[in-house]
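Participant: Okay, handing you the structure first.
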Amino acid sequence: MDFGRARFVKPRRSSSGTDNNCVECTFDFVPVGVVGVRDSKDPVGPILAVPTADWQVFLTAIRMSAL
């Protein structure tokens, strides 16, 4: 997949810490239905392509574990 023109952003919760262990995500990538995830410290490194439905399951699991 070509993520060359994708705009990556740090999720709000990821950028709130002081340890700099952050991820960046892109939600505006074609094909629709894919979320790109990368390490913010290595923007030219590998990008994990995750189906949107699986990303939502992951986020729900994180929210539930924080309770």
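Residues are referred to by chain and number: the chain letter is A, B, ... according to the order shown in the structure tokens, the number counts from 1 in that chain, and ligands are numbered separately from 1 in the order shown.
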Using only C-alpha atoms, determine which residues lie at most 6 Å from Cys25 of chain A, disregarding the query and same-chain residues fewer than 6 positions distant; provide the list as a PyMOL selection string.

Facilitator: chain A and resi 8-9+36-37

Participant: Please provide as an MDAnalysis selection string all residues within 12 Å of Asp42 of chain A, with the sequence filter that same-chain residues fewer than 3 positions apart are discarded (counting only C-alpha atoms).

Facilitator: chainID A and resid 20:24 37:39 45:47

Participant: Quick one: DSSP helix (DSSP H, G or I) residues in chain A, as a list in words?

Facilitator: Ser14, Ser15, Ser16, Thr52, Ala53, Asp54, Trp55, Gln56, Val57, Phe58, Leu59, Thr60, Ala61, Ile62, Arg63, Met64 and Ser65 of chain A

Participant: Please, which residues of chain A, numbered as in this document, come out strand (DSSP E or B) from DSSP, as number ranges by chain?

Facilitator: A: 9, 23-26, 34-39, 48-51

Participant: May I have the residues within 12 Å of Ala49 of chain A as a list in words, using only C-alpha atoms and disregarding those fewer than 4 positions away in the same chain?

Facilitator: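 Counting only the stated atoms, we get Met1, Asp2, Phe3, Cys25, Thr26, Phe27, Phe29, Val30, Pro31, Val32, Gly33, Val34, Val35, Gly36, Val37, Arg38, Ala53, Asp54 and Trp55 of chain A.
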